[in-house]
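Chemist: Below you will find the structure I want to go over with you.
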Amino acid sequence: MVRFPVRNAAIAVALLPAVTGCGYNTIPTKQERAEAAWADVQSQYQRRADLIPNLVATVQGAAIAERTTLTQVVEARARATSVQVTPETLSDPAAFQAFQAAQGQLTGALSRLLATVEAYPNIQSNQNFVQLQSQLEGTENRITIARRDYNEAVRDYNTSLRTFPTVIWAKTFQSGSKPMQLFTASAEAQSAPTVTFNVGPNVPAATPGGTAPAVTPGSAPAH
């Protein structure tokens, strides 16, 4: 009576190397790596969002005679911080595209703002602005690297769902594993920022947490 459990345990131990060797653990391992890379992407985007209120306040304090560009940055930041993608929804194309679109709009708005202030020497000589600009440039570089690392991890994970021998587990015991979405080049990345000058009162600075300040009716830019 006792021999059967002992024998079964011995068989299980003997089969363990074969199971791990044929890729049973590959899919969850690569999934964890992709989700960790995604966490880094979110961290870099959050760092950028945290820098923006101080940037807007600095430009506003320098008496820039330009309202539309500041408004666009504040509104784009609010949209970007309101769209959330969790590891559980990384395989949802609609959620991922909404997140990427919102972040792309913020990237474009920031590019237009930085291009606009080039016409204001008093801002260019403001040490606080220079420091914030440098931090934003560094953050944009980190975002680029984080997105690249995420895409590489996702391609590796997605490939494991379609290739032998891991496709066996993807079709059986790990059938809940779904392909994750990749970052693609945004429309904003394909063209240089457009700079327009609208003379008007300064807009309130953005506030942390993703809330955009109220905008006077008729002054908001067209979307």
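Please note that chains go A, B, ... in the order of the structure tokens, that every chain numbers its residues from 1, and that ligands are numbered from 1 in the order shown.
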As a ChimeraX atom specification, please: the residues near A:Arg47 (cut-off 8 Å, only C-alpha atoms, same-chain neighbours under 4 positions excluded).
Modeler: /A:43,51,139
Chemist: May I have the selected residues written with all heavy atoms, as a CSV table (one decimal), in the first residue's frame?
Modeler:
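Final output, saved to selection.csv:
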chain,number,residue,atom,x,y,z
A,43,SER,N,6.9,53.9,-14.7
A,43,SER,CA,7.7,54.7,-13.8
A,43,SER,C,8.2,55.9,-14.5
A,43,SER,O,8.2,57.1,-13.9
A,43,SER,CB,8.8,53.9,-13.2
A,43,SER,OG,9.6,54.7,-12.4
A,51,LEU,N,7.1,66.2,-13.4
A,51,LEU,CA,8.0,67.3,-13.7
A,51,LEU,C,7.1,68.5,-14.4
A,51,LEU,O,7.5,69.6,-14.3
A,51,LEU,CB,9.1,66.9,-14.7
A,51,LEU,CG,10.2,66.1,-14.1
A,51,LEU,CD1,11.2,65.6,-15.2
A,51,LEU,CD2,11.0,66.9,-13.1
A,139,THR,N,14.4,62.4,-19.0
A,139,THR,CA,13.3,61.5,-18.8
A,139,THR,C,12.8,61.0,-20.2
A,139,THR,O,12.5,59.8,-20.3
A,139,THR,CB,12.2,62.2,-18.1
A,139,THR,OG1,12.6,62.7,-16.8
A,139,THR,CG2,11.0,61.3,-17.9
Chemist: Find the spatial neighbours of stretch 163-175 of chain A, counting only C-alpha atoms, within a cut-off of 8 Å - ignore same-chain residues fewer than 3 positions away - and output them as a list in words.
Modeler: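 Listing them by chain and then by number gives Cys22, Gly23, Tyr24, Thr26, Ile27, Thr159, Ser160 and Lys178 of chain A.
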Chemist: Mind checking which residues fall within 12 Å of A:Asn122, counting only C-alpha atoms, ignoring those fewer than 2 positions away in the same chain, and posting them as a count of residues only?
Modeler: 18
Chemist: May I have all residues of stretch 40-109 of chain A that DSSP, computed from the backbone, assigns to helix (DSSP H, G or I), given as a short mmCIF file (atom, residue, chain, number, x, y, z; two decimals) with C-alpha atoms, in the first residue's frame?
Modeler:
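Result written to states-v3.cif:
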data_model
loop_
_atom_site.label_atom_id
_atom_site.label_comp_id
_atom_site.auth_asym_id
_atom_site.auth_seq_id
_atom_site.Cartn_x
_atom_site.Cartn_y
_atom_site.Cartn_z
CA ASP A 40 9.66 50.61 -15.71
CA VAL A 41 7.80 52.25 -18.62
CA GLN A 42 5.08 53.45 -16.27
CA SER A 43 7.66 54.73 -13.80
CA GLN A 44 9.34 56.87 -16.45
CA TYR A 45 6.03 58.27 -17.70
CA GLN A 46 5.05 59.12 -14.13
CA ARG A 47 8.38 60.88 -13.61
CA ARG A 48 7.63 63.03 -16.65
CA ALA A 49 4.13 63.81 -15.40
CA ASP A 50 5.57 64.89 -12.04
CA LEU A 51 7.96 67.34 -13.71
CA ILE A 52 5.33 69.06 -15.84
CA PRO A 53 3.56 71.16 -13.16
CA ASN A 54 6.83 72.87 -12.23
CA LEU A 55 7.66 73.41 -15.91
CA VAL A 56 4.28 75.03 -16.60
CA ALA A 57 4.57 77.19 -13.49
CA THR A 58 8.06 78.32 -14.47
CA VAL A 59 7.02 79.25 -18.00
CA GLN A 60 3.90 80.97 -16.69
CA GLY A 61 5.96 82.92 -14.16
CA THR A 68 -2.65 77.87 -26.23
CA THR A 69 0.55 75.83 -25.88
CA LEU A 70 0.43 75.92 -22.08
CA THR A 71 -3.21 74.90 -22.15
CA GLN A 72 -2.40 71.97 -24.43
CA VAL A 73 0.32 70.72 -22.09
CA VAL A 74 -1.95 70.94 -19.02
CA GLU A 75 -4.83 69.18 -20.75
CA ALA A 76 -2.60 66.53 -22.35
CA ARG A 77 -1.05 65.76 -18.97
CA ALA A 78 -4.50 65.31 -17.43
CA ARG A 79 -5.50 62.87 -20.17
CA ALA A 80 -2.22 60.94 -19.99
CA THR A 81 -2.41 60.45 -16.24
CA SER A 82 -6.07 59.37 -16.40
CA PRO A 87 -0.28 44.07 -16.36
CA GLU A 88 -3.68 42.35 -16.56
CA THR A 89 -4.74 44.54 -19.50
CA PRO A 93 -5.38 46.37 -27.75
CA ALA A 94 -7.97 49.10 -27.08
CA ALA A 95 -6.65 49.92 -23.60
CA PHE A 96 -3.05 49.90 -24.76
CA GLN A 97 -3.74 52.10 -27.78
CA ALA A 98 -5.61 54.60 -25.59
CA PHE A 99 -2.63 54.77 -23.24
CA GLN A 100 -0.14 55.18 -26.08
CA ALA A 101 -2.28 57.84 -27.78
CA ALA A 102 -2.60 59.87 -24.58
CA GLN A 103 1.14 59.72 -23.90
CA GLY A 104 1.85 60.62 -27.53
CA GLN A 105 -0.36 63.70 -27.29
CA LEU A 106 1.52 64.80 -24.18
CA THR A 107 4.85 64.26 -25.94
CA GLY A 108 3.68 66.44 -28.81
CA ALA A 109 2.37 69.18 -26.51
#
Chemist: In Å, with one decimal, what is the gap from atom CA of A:Gln133 to atom CA of A:Pro121?
Modeler: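 Taking atom CA of A:Gln133 as the start and atom CA of A:Pro121 as the end point, the length is 14.4 Å.
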Chemist: Can you pull out every residue within 9 Å of A:Pro179, counting only C-alpha atoms, but drop anything in the same chain fewer than 3 positions away, and send it as a list of chain:residue names?
Modeler: A:Leu90, A:Ser91, A:Val154, A:Arg155, A:Tyr157, A:Asn158, A:Thr159, A:Leu161
